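Shown here: final22.cif, mmCIF, C-alpha atoms.
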data_protein
#
loop_
_atom_site.label_atom_id
_atom_site.label_comp_id
_atom_site.auth_asym_id
_atom_site.auth_seq_id
_atom_site.Cartn_x
_atom_site.Cartn_y
_atom_site.Cartn_z
CA MET B 94 64.31 26.52 -155.89
CA GLN B 95 61.28 24.27 -156.09
CA LEU B 96 62.33 20.64 -156.20
CA LYS B 97 59.75 19.14 -158.54
CA THR B 98 59.92 15.39 -158.16
CA LEU B 99 58.86 12.23 -159.98
CA ASP B 100 58.66 9.11 -157.80
CA LEU B 101 59.03 5.82 -159.75
CA PHE B 102 58.15 2.48 -158.12
CA CYS B 103 56.75 4.72 -155.41
CA GLY B 104 55.16 2.13 -153.11
CA GLY B 105 53.16 3.60 -150.27
CA GLY B 106 55.22 6.78 -150.13
CA GLY B 107 58.26 6.31 -147.87
CA SER B 108 60.64 7.95 -150.34
CA GLY B 109 58.08 10.61 -151.17
CA ARG B 110 57.55 11.45 -147.51
CA GLY B 111 61.28 11.77 -146.89
CA ALA B 112 61.78 13.91 -150.01
CA SER B 113 58.86 16.18 -149.16
CA ASN B 114 60.25 16.61 -145.64
CA ALA B 115 63.42 17.84 -147.37
CA GLY B 116 61.44 20.39 -149.38
CA ALA B 117 60.56 18.44 -152.53
CA GLU B 118 57.24 18.86 -154.31
CA ILE B 119 55.91 15.49 -155.47
CA VAL B 120 54.51 16.11 -158.94
CA CYS B 121 53.87 12.55 -160.07
CA ALA B 122 54.31 8.98 -158.82
CA ILE B 123 53.99 5.52 -160.40
CA ASP B 124 53.40 2.08 -158.92
CA ALA B 125 52.07 -1.20 -160.27
CA TRP B 126 50.18 -2.21 -157.10
CA ASN B 127 46.80 -0.53 -156.78
CA ILE B 128 46.80 -0.53 -152.98
CA ALA B 129 50.20 1.17 -152.88
CA ALA B 130 49.08 3.72 -155.48
CA GLU B 131 45.89 4.48 -153.51
CA THR B 132 47.90 4.83 -150.30
CA TYR B 133 50.30 7.23 -152.01
CA LYS B 134 47.45 9.33 -153.35
CA ALA B 135 45.88 9.55 -149.90
CA ASN B 136 49.13 10.93 -148.51
CA PHE B 137 49.98 13.18 -151.47
CA PRO B 138 46.60 14.41 -152.73
CA ASP B 139 48.16 17.08 -154.97
CA ALA B 140 50.34 14.58 -156.84
CA ARG B 141 49.34 12.74 -160.02
CA VAL B 142 49.52 9.05 -159.11
CA VAL B 143 49.60 6.53 -161.96
CA ASN B 144 48.77 2.89 -161.26
CA THR B 145 50.61 1.01 -164.00
CA LYS B 146 53.38 -1.54 -164.45
CA LEU B 147 56.55 -0.17 -165.99
CA ASP B 148 58.51 -2.05 -168.64
CA GLU B 149 61.46 -1.45 -170.95
CA ASN B 150 59.27 0.65 -173.27
CA SER B 151 57.72 2.88 -170.59
CA ASP B 152 58.45 6.57 -170.88
CA ILE B 153 56.91 9.92 -170.01
CA SER B 154 54.12 9.44 -172.56
CA ILE B 155 52.19 7.50 -169.88
CA LEU B 156 52.25 10.51 -167.55
CA GLY B 157 50.84 13.36 -169.61
CA LYS B 158 52.30 16.85 -169.26
CA LEU B 159 54.65 17.11 -166.30
CA GLY B 160 56.65 20.24 -166.91
CA GLU B 161 60.18 20.50 -165.58
CA ILE B 162 61.33 17.74 -163.21
CA ASN B 163 64.34 18.44 -160.99
CA LEU B 164 64.56 15.11 -159.15
CA ILE B 165 63.66 11.50 -159.89
CA LEU B 166 63.31 9.01 -157.05
CA ALA B 167 63.21 5.31 -157.92
CA SER B 168 62.99 2.13 -155.86
CA PRO B 169 62.94 -0.66 -158.47
CA GLU B 170 61.96 -4.21 -157.56
CA CYS B 171 64.33 -5.70 -155.01
CA THR B 172 62.91 -9.19 -154.32
CA ASN B 173 65.12 -10.96 -156.84
CA HIS B 174 68.28 -9.24 -155.59
CA THR B 175 67.80 -9.82 -151.87
CA CYS B 176 68.91 -12.79 -149.80
CA ALA B 177 65.34 -12.94 -148.44
CA LYS B 178 64.49 -14.74 -151.67
CA GLY B 179 66.36 -17.77 -150.31
CA ASN B 180 67.24 -20.48 -152.82
CA ARG B 181 64.26 -19.85 -155.06
CA PRO B 182 64.97 -19.07 -158.73
CA ARG B 183 65.75 -15.44 -159.56
CA ASP B 184 63.76 -13.47 -162.10
CA GLU B 185 66.12 -11.52 -164.35
CA ASN B 186 63.24 -9.41 -165.68
CA SER B 187 62.54 -8.23 -162.14
CA LYS B 188 66.18 -7.21 -161.67
CA LYS B 189 66.09 -5.23 -164.92
CA THR B 190 63.39 -2.90 -163.59
CA ALA B 191 66.23 -0.60 -162.48
CA ARG B 192 66.97 0.03 -166.14
CA TYR B 193 63.46 1.37 -166.73
CA VAL B 194 64.50 4.51 -164.88
CA LEU B 195 66.87 5.39 -167.73
CA ASN B 196 64.02 6.16 -170.16
CA PHE B 197 62.63 8.82 -167.82
CA ALA B 198 66.06 10.28 -167.01
CA ARG B 199 66.95 10.43 -170.70
CA THR B 200 63.83 12.41 -171.60
CA LEU B 201 63.22 14.56 -168.51
CA LYS B 202 66.91 15.29 -167.83
CA PRO B 203 66.49 16.11 -164.14
CA ARG B 204 69.56 17.42 -162.43
CA TRP B 205 69.29 14.83 -159.66
CA LEU B 206 68.39 11.16 -159.60
CA ILE B 207 68.28 8.71 -156.68
CA ILE B 208 67.96 4.95 -157.15
CA GLU B 209 67.39 2.94 -153.97
CA ASN B 210 67.63 -0.84 -153.60
CA VAL B 211 68.95 -3.64 -151.41
CA ILE B 212 72.73 -3.84 -151.10
CA GLN B 213 72.80 -7.19 -152.92
CA MET B 214 72.02 -5.28 -156.12
CA ARG B 215 75.77 -4.65 -156.35
CA ARG B 216 76.30 -8.34 -157.19
CA TRP B 217 73.93 -8.17 -160.19
CA HIS B 218 75.73 -8.46 -163.52
CA GLY B 219 73.76 -5.43 -164.73
CA TYR B 220 74.91 -3.17 -161.89
CA ASP B 221 78.11 -1.80 -163.45
CA PRO B 222 76.48 -1.37 -166.89
CA LEU B 223 73.63 0.57 -165.21
CA ILE B 224 76.12 2.98 -163.63
CA MET B 225 77.94 3.34 -166.94
CA GLU B 226 74.69 4.23 -168.69
CA LEU B 227 73.85 6.79 -166.02
CA GLU B 228 77.28 8.32 -166.53
CA GLY B 229 76.63 8.25 -170.28
CA LEU B 230 73.55 10.39 -169.64
CA GLY B 231 75.78 12.98 -167.99
CA TYR B 232 75.45 12.00 -164.33
CA HIS B 233 78.15 11.85 -161.71
CA VAL B 234 77.23 8.71 -159.74
CA SER B 235 78.11 8.02 -156.13
CA PRO B 236 76.90 4.73 -154.56
CA GLU B 237 76.32 4.81 -150.80
CA VAL B 238 75.20 2.12 -148.38
CA LEU B 239 73.19 3.68 -145.57
CA ASP B 240 71.85 2.09 -142.39
CA ALA B 241 68.54 3.51 -141.18
CA SER B 242 69.63 3.11 -137.55
CA GLU B 243 72.18 5.91 -138.14
CA PHE B 244 69.35 8.33 -138.96
CA GLY B 245 67.21 7.97 -135.83
CA VAL B 246 65.19 5.02 -137.14
CA PRO B 247 64.73 2.19 -134.60
CA GLN B 248 65.64 -0.46 -137.16
CA THR B 249 68.84 -1.91 -138.59
CA ARG B 250 68.14 -1.57 -142.32
CA LYS B 251 71.00 -1.25 -144.80
CA ARG B 252 70.13 -0.06 -148.29
CA LEU B 253 72.04 1.00 -151.38
CA PHE B 254 71.49 4.51 -152.74
CA LEU B 255 72.85 5.58 -156.12
CA LEU B 256 73.21 9.36 -155.86
CA CYS B 257 73.31 11.04 -159.26
CA ASP B 258 74.01 14.71 -160.05
CA ARG B 259 74.49 16.20 -163.53
CA GLU B 260 76.70 19.07 -162.32
CA LYS B 261 79.10 17.61 -159.77
CA MET B 262 80.06 14.49 -157.85
CA PRO B 263 77.62 14.07 -154.94
CA ALA B 264 79.08 14.61 -151.48
CA PRO B 265 78.63 11.90 -148.83
CA VAL B 266 75.23 11.89 -147.16
CA VAL B 267 75.24 13.86 -143.93
CA ARG B 268 74.32 11.87 -140.82
CA PRO B 269 72.55 13.56 -137.90
CA VAL B 270 74.95 15.51 -135.69
CA GLU B 271 73.73 13.64 -132.61
CA GLN B 272 73.38 10.00 -133.57
CA THR B 273 71.03 8.76 -130.88
CA VAL B 274 70.44 5.04 -131.31
CA CYS B 275 66.72 4.30 -131.18
CA THR B 276 65.76 0.85 -129.99
CA ALA B 277 62.93 -1.61 -130.48
CA GLU B 278 61.68 -0.67 -127.03
CA GLU B 279 60.72 2.76 -128.38
CA VAL B 280 58.60 1.14 -131.09
CA ILE B 281 56.64 -1.33 -129.03
CA GLN B 282 53.51 -0.66 -126.99
CA LEU B 283 53.88 -3.10 -124.11
CA ASP B 284 50.51 -1.96 -122.78
CA GLY B 285 48.88 -1.85 -126.21
CA PRO B 286 45.32 -3.04 -126.89
CA TRP B 287 46.34 -6.16 -128.83
CA GLN B 288 45.73 -9.61 -127.39
CA SER B 289 48.59 -11.93 -126.54
CA ARG B 290 48.24 -15.71 -126.34
CA PRO B 291 50.19 -18.32 -124.40
CA LEU B 292 53.56 -19.05 -125.97
CA HIS B 293 53.71 -22.71 -125.05
CA THR B 294 50.86 -24.48 -126.85
CA GLU B 295 50.71 -27.69 -128.85
CA ARG B 296 49.83 -25.74 -132.00
CA ARG B 297 52.94 -23.61 -131.85
CA ALA B 298 55.76 -24.65 -134.21
CA LYS B 299 58.72 -26.31 -132.52
CA GLU B 300 61.11 -23.81 -134.11
CA THR B 301 59.16 -20.91 -132.59
CA ILE B 302 59.28 -22.48 -129.12
CA ALA B 303 63.00 -23.16 -129.50
CA ARG B 304 63.74 -19.54 -130.41
CA ALA B 305 61.76 -18.26 -127.45
CA ASP B 306 63.37 -20.75 -125.07
CA ARG B 307 66.83 -19.60 -126.15
CA ALA B 308 65.85 -16.04 -125.29
CA ILE B 309 64.45 -17.04 -121.90
CA ASP B 310 67.64 -18.98 -121.11
CA ALA B 311 69.69 -15.88 -121.95
CA LEU B 312 67.53 -13.19 -120.33
CA GLY B 313 65.77 -15.02 -117.55
CA LYS B 314 62.04 -15.10 -116.90
CA GLY B 315 59.96 -11.95 -116.75
CA LYS B 316 61.79 -9.92 -119.40
CA PRO B 317 60.03 -9.13 -122.71
CA PHE B 318 61.82 -9.85 -125.98
CA LEU B 319 61.22 -10.31 -129.70
CA ILE B 320 61.37 -13.49 -131.74
CA VAL B 321 61.68 -13.89 -135.49
CA TYR B 322 58.41 -15.68 -136.15
CA TYR B 323 58.82 -16.12 -139.92
CA GLY B 324 61.91 -16.26 -142.08
CA SER B 325 65.48 -17.28 -141.45
CA ASP B 326 67.71 -15.63 -138.87
CA GLY B 327 71.37 -16.13 -138.15
CA SER B 328 71.36 -14.69 -134.62
CA GLY B 329 69.42 -17.28 -132.69
CA GLY B 330 65.97 -16.17 -133.83
CA TRP B 331 65.39 -13.60 -131.08
CA GLN B 332 66.55 -10.19 -129.89
CA PRO B 333 66.30 -8.05 -126.74
CA LEU B 334 64.33 -4.81 -126.85
CA GLY B 335 67.35 -2.64 -126.05
CA ARG B 336 68.70 -2.46 -129.59
CA PRO B 337 67.22 -1.48 -132.99
CA LEU B 338 64.76 -3.87 -134.55
CA ARG B 339 66.15 -6.14 -137.23
CA THR B 340 65.22 -5.47 -140.83
CA LEU B 341 61.50 -5.46 -141.53
CA THR B 342 60.37 -7.50 -144.51
CA THR B 343 57.04 -7.88 -146.29
CA LEU B 344 56.17 -10.78 -143.97
CA ASP B 345 54.53 -10.53 -140.56
CA ARG B 346 57.91 -11.38 -139.13
CA PHE B 347 58.30 -10.31 -135.49
CA GLY B 348 56.55 -11.62 -132.40
CA LEU B 349 56.63 -9.96 -128.98
CA VAL B 350 56.92 -12.16 -125.90
CA THR B 351 55.66 -10.63 -122.66
CA TRP B 352 54.74 -12.18 -119.31
CA GLU B 353 51.62 -12.74 -117.27
CA ASP B 354 52.89 -13.76 -113.88
CA GLU B 355 55.40 -16.47 -114.87
CA ALA B 356 53.67 -17.45 -118.12
CA PRO B 357 55.20 -16.21 -121.41
CA MET B 358 52.67 -14.72 -123.83
CA LEU B 359 53.08 -14.02 -127.55
CA ARG B 360 51.60 -11.60 -130.07
CA MET B 361 52.79 -10.27 -133.42
CA LEU B 362 53.95 -6.68 -133.79
CA GLN B 363 51.16 -4.50 -135.16
CA VAL B 364 51.02 -1.95 -137.98
CA PRO B 365 51.32 1.16 -135.74
CA GLU B 366 54.45 -0.33 -134.18
CA LEU B 367 55.91 -1.27 -137.56
CA LYS B 368 55.22 2.24 -138.89
CA ARG B 369 57.34 3.66 -136.07
CA ALA B 370 60.02 1.06 -136.80
CA MET B 371 60.19 2.39 -140.38
CA GLY B 372 60.40 6.01 -139.26
CA PHE B 373 57.03 6.99 -140.74
CA ASP B 374 55.70 10.06 -139.01
CA GLY B 375 52.16 10.44 -137.75
CA LEU B 376 51.16 12.36 -140.88
CA HIS B 377 51.61 9.32 -143.11
CA ASP B 378 48.52 7.14 -143.21
CA LEU B 379 47.95 3.56 -144.39
CA PRO B 380 44.23 3.75 -145.11
CA TYR B 381 43.86 0.90 -147.61
CA GLY B 382 44.27 -2.85 -147.75
CA THR B 383 44.34 -5.59 -145.17
CA ARG B 384 46.81 -5.76 -142.31
CA ARG B 385 48.93 -8.03 -144.48
CA ASP B 386 48.85 -5.46 -147.31
CA GLN B 387 49.93 -2.70 -144.96
CA ILE B 388 52.83 -4.78 -143.65
CA ARG B 389 53.86 -5.44 -147.25
CA ILE B 390 53.83 -1.70 -147.96
CA LEU B 391 56.03 -1.04 -144.94
CA GLY B 392 58.41 -3.92 -145.64
CA ASN B 393 58.88 -2.73 -149.22
CA GLY B 394 59.27 0.87 -148.16
CA VAL B 395 62.09 3.37 -147.75
CA CYS B 396 62.59 4.89 -144.30
CA PRO B 397 61.59 8.56 -144.68
CA PRO B 398 64.33 9.97 -142.39
CA VAL B 399 66.98 8.30 -144.56
CA MET B 400 65.56 9.63 -147.82
CA GLU B 401 65.16 13.07 -146.26
CA ALA B 402 68.87 13.10 -145.40
CA VAL B 403 69.78 11.82 -148.88
CA VAL B 404 67.76 14.51 -150.67
CA ARG B 405 69.06 17.29 -148.43
CA SER B 406 72.67 16.21 -148.94
CA LEU B 407 72.29 15.78 -152.69
CA THR B 408 70.38 18.96 -153.49
CA GLN B 409 71.61 21.49 -150.93
#

Re-express the file's structure as structure tokens.
Amino acid sequence: MQLKTLDLFCGGGGSGRGASNAGAEIVCAIDAWNIAAETYKANFPDARVVNTKLDENSDISILGKLGEINLILASPECTNHTCAKGNRPRDENSKKTARYVLNFARTLKPRWLIIENVIQMRRWHGYDPLIMELEGLGYHVSPEVLDASEFGVPQTRKRLFLLCDREKMPAPVVRPVEQTVCTAEEVIQLDGPWQSRPLHTERRAKETIARADRAIDALGKGKPFLIVYYGSDGSGGWQPLGRPLRTLTTLDRFGLVTWEDEAPMLRMLQVPELKRAMGFDGLHDLPYGTRRDQIRILGNGVCPPVMEAVVRSLTQ
């Protein structure tokens, strides 16, 4: 069976890559950000990619003739659900983007539907009503929280997946038989071409120095490690390389500390390293936008190995 797929809120193609690795054919994709849409088109040249912002009135009329769709993927806006938002006001309209999927499901009636978001979505007052409406459309809905590190991705990244099937209750997602834990060390190019600068300088923020000094006190001199350069962190602001990377965000978040003789040096992780941390294979390109844009695409993305496992479990 051909698994003809519509990818809503598609981003740069993480979900699409995972689904296609599981045998799906991406027919059409939609995203509001032009750089993400261009990136998706570069990676899926046979798909129709629509650069438009969805709202409560959006339906298949904006897509033209699609034919039968067997699977809908959707990663609605997550910023106003996640704790990464901090104490800033939440935008209820952003949270409601998950409901925009219903219009497409109602009309296209695919057998399968997958909605992906941050786990904090479960605390949204619209979460239970969304599931009830999906059930009202004839779907059996099974929520699962999956950690990318359990699927061979060198990153601890927990996400919520709503697995929906019109014919039966979805079975639990199958993890790899051999769960080899991939670590940050497998992501990083210690001998890469990127320039590092001295860690201890007057221009460096005191918080950055403090995080690095805590790591040096714990590990000793001469051992490389990562610091959380931007954003809050409840684990001391650093991590060794021997465990999966912490969750990537849309910020240029992680700095690598290495050593030249006894002097600690610092550089930020680079896009090729962050691609590996997300589980993007070498086939998936990020040809558009600035470095900051590409990091945003990755931080907003879905790890392809996780979506591949989800699609295989749901459809096979």

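Each of B:Ile208, B:Cys121, B:Ala129, B:Leu101 was compared to Leu379 of chain B using only C-alpha atoms, and B:Ala129 turns out to be the nearest.
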
Within 8 Å of Ile212 of chain B using only C-alpha atoms, minus same-chain residues under 5 positions, as number ranges by chain: B: 175, 238, 251-253

Exercise: Ala241 of chain B partners within 8 Å, all atoms listed in the file, chain neighbours under 2 positions left out, as a VMD selection string: chain B and resid 239 243 to 251 396 398 to 399

Reference answer for the PyMOL selection byres ((chain B and resi 291-307) around 6), as a list in words: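 Applied to this file, the PyMOL selection byres ((chain B and resi 291-307) around 6) selects Arg290, Ala308, Ile309, Asp310, Gly330, Pro357, Met358 and Leu359 of chain B.
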
Take the residues from that selection and write them out as an mmCIF file, in the coordinates of the input, keeping C-alpha atoms.
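Once everything was written out, this is selection.cif:
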data_model
loop_
_atom_site.group_PDB
_atom_site.id
_atom_site.type_symbol
_atom_site.label_atom_id
_atom_site.label_comp_id
_atom_site.auth_asym_id
_atom_site.auth_seq_id
_atom_site.Cartn_x
_atom_site.Cartn_y
_atom_site.Cartn_z
ATOM 1 C CA ARG B 290 48.240 -15.710 -126.340
ATOM 2 C CA ALA B 308 65.850 -16.040 -125.290
ATOM 3 C CA ILE B 309 64.450 -17.040 -121.900
ATOM 4 C CA ASP B 310 67.640 -18.980 -121.110
ATOM 5 C CA GLY B 330 65.970 -16.170 -133.830
ATOM 6 C CA PRO B 357 55.200 -16.210 -121.410
ATOM 7 C CA MET B 358 52.670 -14.720 -123.830
ATOM 8 C CA LEU B 359 53.080 -14.020 -127.550
#

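With only C-alpha atoms as the atoms that count, the minimum distance from Cys275 of chain B to the choices B:Leu201, B:Leu362, B:Met371, B:Leu312 is reached by B:Met371.
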
Ground truth for the PyMOL selection byres ((chain B and resi 323) around 10), written as a ChimeraX atom specification: /B:300-301,320-322,324-326,330,342,344-348

Generate a file of the selected residues that holds C-alpha atoms, formatted as a PDB file, in the frame of the given file.
ATOM      1  CA  GLU B 300      61.110 -23.810-134.110  1.00  0.00           C
ATOM      2  CA  THR B 301      59.160 -20.910-132.590  1.00  0.00           C
ATOM      3  CA  ILE B 320      61.370 -13.490-131.740  1.00  0.00           C
ATOM      4  CA  VAL B 321      61.680 -13.890-135.490  1.00  0.00           C
ATOM      5  CA  TYR B 322      58.410 -15.680-136.150  1.00  0.00           C
ATOM      6  CA  GLY B 324      61.910 -16.260-142.080  1.00  0.00           C
ATOM      7  CA  SER B 325      65.480 -17.280-141.450  1.00  0.00           C
ATOM      8  CA  ASP B 326      67.710 -15.630-138.870  1.00  0.00           C
ATOM      9  CA  GLY B 330      65.970 -16.170-133.830  1.00  0.00           C
ATOM     10  CA  THR B 342      60.370  -7.500-144.510  1.00  0.00           C
ATOM     11  CA  LEU B 344      56.170 -10.780-143.970  1.00  0.00           C
ATOM     12  CA  ASP B 345      54.530 -10.530-140.560  1.00  0.00           C
ATOM     13  CA  ARG B 346      57.910 -11.380-139.130  1.00  0.00           C
ATOM     14  CA  PHE B 347      58.300 -10.310-135.490  1.00  0.00           C
ATOM     15  CA  GLY B 348      56.550 -11.620-132.400  1.00  0.00           C
TER      16      GLY B 348
END

Non-local contacts of Phe137 of chain B (9 Å; only C-alpha atoms; under 4 positions in same chain excluded) as a ChimeraX atom specification: /B:106,109-110,119,132-133,141-142

For Glu209 of chain B, the nearest of the candidates B:Ser108, B:Gln363, B:Ser289, B:Asn127, counting all atoms listed in the file: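 Of the candidates, the smallest distance to Glu209 of chain B is held by B:Ser108.
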
Separation of atom CA of Gly219 of chain B from atom CA of Lys189 of chain B, in Å and rounded to one decimal: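 Separating atom CA of Gly219 of chain B from atom CA of Lys189 of chain B is a distance of 7.7 Å.
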
Option closest in space to Met400 of chain B, from B:Val266, B:Met225, B:Ala135, B:Val143 [counting only C-alpha atoms]: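 Result for the nearest residue to Met400 of chain B: B:Val266.
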
Hits of the PyMOL selection byres ((chain B and resi 198) around 12) in this structure, as a PyMOL selection string: chain B and resi 98-101+151-153+161-167+191-197+199-208+226-232+257-259

Next, the residues of the selection above should be written as a CSV table (one decimal), keeping the file's coordinate frame with C-alpha atoms.
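Contents of the output file out_33.csv:
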chain,number,residue,atom,x,y,z
B,98,THR,CA,59.9,15.4,-158.2
B,99,LEU,CA,58.9,12.2,-160.0
B,100,ASP,CA,58.7,9.1,-157.8
B,101,LEU,CA,59.0,5.8,-159.8
B,151,SER,CA,57.7,2.9,-170.6
B,152,ASP,CA,58.4,6.6,-170.9
B,153,ILE,CA,56.9,9.9,-170.0
B,161,GLU,CA,60.2,20.5,-165.6
B,162,ILE,CA,61.3,17.7,-163.2
B,163,ASN,CA,64.3,18.4,-161.0
B,164,LEU,CA,64.6,15.1,-159.2
B,165,ILE,CA,63.7,11.5,-159.9
B,166,LEU,CA,63.3,9.0,-157.0
B,167,ALA,CA,63.2,5.3,-157.9
B,191,ALA,CA,66.2,-0.6,-162.5
B,192,ARG,CA,67.0,0.0,-166.1
B,193,TYR,CA,63.5,1.4,-166.7
B,194,VAL,CA,64.5,4.5,-164.9
B,195,LEU,CA,66.9,5.4,-167.7
B,196,ASN,CA,64.0,6.2,-170.2
B,197,PHE,CA,62.6,8.8,-167.8
B,199,ARG,CA,67.0,10.4,-170.7
B,200,THR,CA,63.8,12.4,-171.6
B,201,LEU,CA,63.2,14.6,-168.5
B,202,LYS,CA,66.9,15.3,-167.8
B,203,PRO,CA,66.5,16.1,-164.1
B,204,ARG,CA,69.6,17.4,-162.4
B,205,TRP,CA,69.3,14.8,-159.7
B,206,LEU,CA,68.4,11.2,-159.6
B,207,ILE,CA,68.3,8.7,-156.7
B,208,ILE,CA,68.0,5.0,-157.2
B,226,GLU,CA,74.7,4.2,-168.7
B,227,LEU,CA,73.8,6.8,-166.0
B,228,GLU,CA,77.3,8.3,-166.5
B,229,GLY,CA,76.6,8.2,-170.3
B,230,LEU,CA,73.6,10.4,-169.6
B,231,GLY,CA,75.8,13.0,-168.0
B,232,TYR,CA,75.4,12.0,-164.3
B,257,CYS,CA,73.3,11.0,-159.3
B,258,ASP,CA,74.0,14.7,-160.0
B,259,ARG,CA,74.5,16.2,-163.5

From B:Gln272, B:Asn144, B:Asn114, B:Thr340, residue lying nearest His377 of chain B [all atoms listed in the file]: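 Of B:Gln272, B:Asn144, B:Asn114, B:Thr340, the one nearest His377 of chain B, counting all atoms listed in the file, is B:Asn114.
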
Coordinates-based distance that separates atom CA of Lys158 of chain B from atom CA of Lys97 of chain B (Å, one decimal): 13.3 Å

Distance of atom CA of Arg215 of chain B from atom CA of Asp386 of chain B, expressed in Å to one decimal place: 28.4 Å

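Across B:Glu237, B:Ala277, B:Ala130, B:Ile390, the tightest approach to Arg336 of chain B is made by B:Ala277 when counting only C-alpha atoms.
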
Residues within 8 Å of Pro333 of chain B, all atoms listed in the file, excluding chain neighbours under 2 positions, as a PyMOL selection string: chain B and resi 317-319+331+335-336

Residues as selected, C-alpha atoms, written as an mmCIF file, keeping the file's coordinate frame, can you do that?
data_model
loop_
_atom_site.group_PDB
_atom_site.id
_atom_site.type_symbol
_atom_site.label_atom_id
_atom_site.label_comp_id
_atom_site.auth_asym_id
_atom_site.auth_seq_id
_atom_site.Cartn_x
_atom_site.Cartn_y
_atom_site.Cartn_z
ATOM 1 C CA PRO B 317 60.030 -9.130 -122.710
ATOM 2 C CA PHE B 318 61.820 -9.850 -125.980
ATOM 3 C CA LEU B 319 61.220 -10.310 -129.700
ATOM 4 C CA TRP B 331 65.390 -13.600 -131.080
ATOM 5 C CA GLY B 335 67.350 -2.640 -126.050
ATOM 6 C CA ARG B 336 68.700 -2.460 -129.590
#

Distance query 8 Å from (58.3, -1.3, -142.9) using all atoms listed in the file, result as a list of chain:residue names: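 Result, sorted by chain then residue number: B:Leu341, B:Thr342, B:Thr343, B:Leu367, B:Lys368, B:Ala370, B:Met371, B:Ile388, B:Arg389, B:Ile390, B:Leu391, B:Gly392, B:Asn393, B:Gly394, B:Val395, B:Cys396.
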
Just want the 12 Å neighbourhood of Pro265 of chain B, counted on only C-alpha atoms, with same-chain residues fewer than 4 positions away dropped. Output as a PDB file with C-alpha atoms, keeping the file's coordinate frame.
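Wrote selection_5.pdb, looks like this:
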ATOM      1  CA  VAL B 234      77.230   8.710-159.740  1.00  0.00           C
ATOM      2  CA  SER B 235      78.110   8.020-156.130  1.00  0.00           C
ATOM      3  CA  PRO B 236      76.900   4.730-154.560  1.00  0.00           C
ATOM      4  CA  GLU B 237      76.320   4.810-150.800  1.00  0.00           C
ATOM      5  CA  VAL B 238      75.200   2.120-148.380  1.00  0.00           C
ATOM      6  CA  LEU B 239      73.190   3.680-145.570  1.00  0.00           C
ATOM      7  CA  PHE B 254      71.490   4.510-152.740  1.00  0.00           C
ATOM      8  CA  LEU B 255      72.850   5.580-156.120  1.00  0.00           C
ATOM      9  CA  LEU B 256      73.210   9.360-155.860  1.00  0.00           C
ATOM     10  CA  CYS B 257      73.310  11.040-159.260  1.00  0.00           C
ATOM     11  CA  ALA B 402      68.870  13.100-145.400  1.00  0.00           C
ATOM     12  CA  VAL B 403      69.780  11.820-148.880  1.00  0.00           C
ATOM     13  CA  VAL B 404      67.760  14.510-150.670  1.00  0.00           C
ATOM     14  CA  ARG B 405      69.060  17.290-148.430  1.00  0.00           C
ATOM     15  CA  SER B 406      72.670  16.210-148.940  1.00  0.00           C
ATOM     16  CA  LEU B 407      72.290  15.780-152.690  1.00  0.00           C
ATOM     17  CA  THR B 408      70.380  18.960-153.490  1.00  0.00           C
TER      18      THR B 408
END

Around segment 155-166 of chain B, with edges along x, y and z and 8 Å added on all six sides, what centre and edge lengths do you get, in Å to one decimal, as AutoDock Vina command-line options?
--center_x 57.7 --center_y 14.0 --center_z -163.5 --size_x 29.7 --size_y 29.0 --size_z 28.8

Reconstruct N, CA and C atoms of segment 371-380 of chain B from the incomplete input and present them as an mmCIF file, in the coordinates of the input.
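Okay, selection_21.cif is ready:
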data_model
loop_
_atom_site.group_PDB
_atom_site.id
_atom_site.type_symbol
_atom_site.label_atom_id
_atom_site.label_comp_id
_atom_site.auth_asym_id
_atom_site.auth_seq_id
_atom_site.Cartn_x
_atom_site.Cartn_y
_atom_site.Cartn_z
ATOM 1 N N MET B 371 59.736 1.918 -139.077
ATOM 2 C CA MET B 371 60.190 2.390 -140.380
ATOM 3 C C MET B 371 60.477 3.885 -140.393
ATOM 4 N N GLY B 372 60.166 4.573 -139.306
ATOM 5 C CA GLY B 372 60.400 6.010 -139.260
ATOM 6 C C GLY B 372 59.332 6.829 -139.947
ATOM 7 N N PHE B 373 58.143 6.237 -140.169
ATOM 8 C CA PHE B 373 57.030 6.990 -140.740
ATOM 9 C C PHE B 373 56.438 7.884 -139.671
ATOM 10 N N ASP B 374 56.263 9.156 -139.996
ATOM 11 C CA ASP B 374 55.700 10.060 -139.010
ATOM 12 C C ASP B 374 54.185 9.898 -138.927
ATOM 13 N N GLY B 375 53.596 10.574 -137.966
ATOM 14 C CA GLY B 375 52.160 10.440 -137.750
ATOM 15 C C GLY B 375 51.311 10.988 -138.875
ATOM 16 N N LEU B 376 51.914 11.806 -139.755
ATOM 17 C CA LEU B 376 51.160 12.360 -140.880
ATOM 18 C C LEU B 376 50.874 11.314 -141.949
ATOM 19 N N HIS B 377 51.712 10.286 -142.012
ATOM 20 C CA HIS B 377 51.610 9.320 -143.110
ATOM 21 C C HIS B 377 50.628 8.214 -142.717
ATOM 22 N N ASP B 378 49.593 8.074 -143.519
ATOM 23 C CA ASP B 378 48.520 7.140 -143.210
ATOM 24 C C ASP B 378 48.611 5.910 -144.103
ATOM 25 N N LEU B 379 48.079 4.790 -143.598
ATOM 26 C CA LEU B 379 47.950 3.560 -144.390
ATOM 27 C C LEU B 379 46.471 3.181 -144.407
ATOM 28 N N PRO B 380 45.688 3.884 -145.209
ATOM 29 C CA PRO B 380 44.230 3.750 -145.110
ATOM 30 C C PRO B 380 43.633 2.592 -145.892
#
